[in-house]
Amino acid sequence: REAAPPPSVNQNIKRTQLRVLEHVRQRREYQRAKEARKKAARELQVFRARQSVLGLSNTADDGSTPAPPILPDLPPLPEPGTRARLPPLQVQKGGPTSACELAPKIDFHQHCTPGDEEGLVQLLAANKIWGVEACVLLSLRLPRSSRQDVRSRNDWVLEMAAKHEGILPFVTVIEDDDLAPRMFAECLERGARGLKLIGWHSNYIKKFDYD
């Protein structure tokens with residue numbers, strides 16, 4: 001019997017999307033249960049305090065003693081630091097074969113760890129194999145990044161874009177930083193092609209109820 005052909009690139013992408021979505025669903029379910037448990041814990045603390053102070057007089061109107069709140073169980077969650085991982089990409093020997101995989105493309109959302117030029121070179125090589133003629137390399141700040149840290153991250157993206165072909169550099173700013181407009185203007189003068197706003201995004205999701 002012939003061995004089943006390896007999954008195509010599109011199949012791998014679909015599997016990855018499903019795994020990531022499932023991880024996000026589990027995380028949200030856990031966070032909701034965690035909030036419910038915190039609320040129940042506060043109610044239990046109040047109940048015990050009333051019992052301690054009022055003793056037997058802490059009774060309902062019908063004379064019965066109310067039952068203490070019950071702390072709900074939390075659903076299982078992967079160990080800290082674990083997350084959905086990309087499945088191994090298996091392709092036929094020789095690289096891409098279909099017209100779609102060979103067609104010229106632009107990847108408008110790519111990241112690379114600042115300072116990891118070796119990793120960036122590997123990323124650009126993979127882009128070339130799969131017909132990605134240009135990529136938008138995004139500078140990404142962390143939730144607690146300082147202005148100096150953001151500037152350093154932007155500098156690296158701009159330097160890599162000047163050094164390597166096929167990179168469209170997008171920089172970032174701290175949105176409520178008074179000097180953010182000036183920083184962005186300086187980056188535009190140095191070759192930045194766009195701006196990445198992160199927010200930080202989970203806070204925006206909660207604030208505007210995008211969940």
# chains A, B, ... in the order shown; residues from 1 in each chain; ligands from 1

$ select_by_dssp --residues "segment 112-178 of chain A" --states "alpha helix (DSSP H)" --output "NGL selection string"
:A and (117-129 or 147-163)

$ residues_around --residues "Arg147 of chain A" --least-positions-apart "5" --cutoff "9 Å" --atoms "only C-alpha atoms" --output "list in words"
Ser152, Val173, Ile174, Asp177, Leu179 and Ala180 of chain A

$ closest_residue --among "A:Ala103, A:Ile198, A:Leu18, A:Ile167" --to "Leu142 of chain A" --atoms "only C-alpha atoms"
A:Ile198

$ closest_residue --among "A:Arg153, A:Arg27, A:Arg141, A:Lys163" --to "Gly199 of chain A" --atoms "only C-alpha atoms"
A:Arg141

$ atom_distance --atom1 "atom CA of Val171 of chain A" --atom2 "atom CA of Pro104 of chain A"
24.7 Å

$ closest_residue --among "A:Gly119, A:Ala126, A:Glu175, A:Met183" --to "Met160 of chain A" --atoms "only C-alpha atoms"
A:Gly119

$ residues_around --residues "His109 of chain A" --least-positions-apart "3" --cutoff "10 Å" --atoms "only C-alpha atoms" --output "number ranges by chain"
A: 106, 135-138, 170

$ write_last_selection --atoms "N, CA and C atoms" --output "tab-separated table (two decimals), in the first residue's frame"
chain	number	residue	atom	x	y	z
A	106	ILE	N	3.15	38.60	-0.92
A	106	ILE	CA	3.68	39.48	0.13
A	106	ILE	C	3.08	39.02	1.45
A	135	CYS	N	8.15	40.96	2.71
A	135	CYS	CA	7.43	40.73	3.96
A	135	CYS	C	7.40	42.03	4.76
A	136	VAL	N	6.29	42.22	5.47
A	136	VAL	CA	6.18	43.33	6.41
A	136	VAL	C	6.74	42.83	7.74
A	137	LEU	N	7.92	43.36	8.10
A	137	LEU	CA	8.56	42.97	9.36
A	137	LEU	C	8.13	43.98	10.43
A	138	LEU	N	7.40	43.48	11.41
A	138	LEU	CA	6.77	44.35	12.41
A	138	LEU	C	7.63	44.46	13.67
A	170	PHE	N	7.89	48.00	9.56
A	170	PHE	CA	6.86	48.69	10.32
A	170	PHE	C	7.38	48.88	11.74

$ atom_distance --atom1 "atom CA of Gln26 of chain A" --atom2 "atom CA of Phe108 of chain A"
28.1 Å
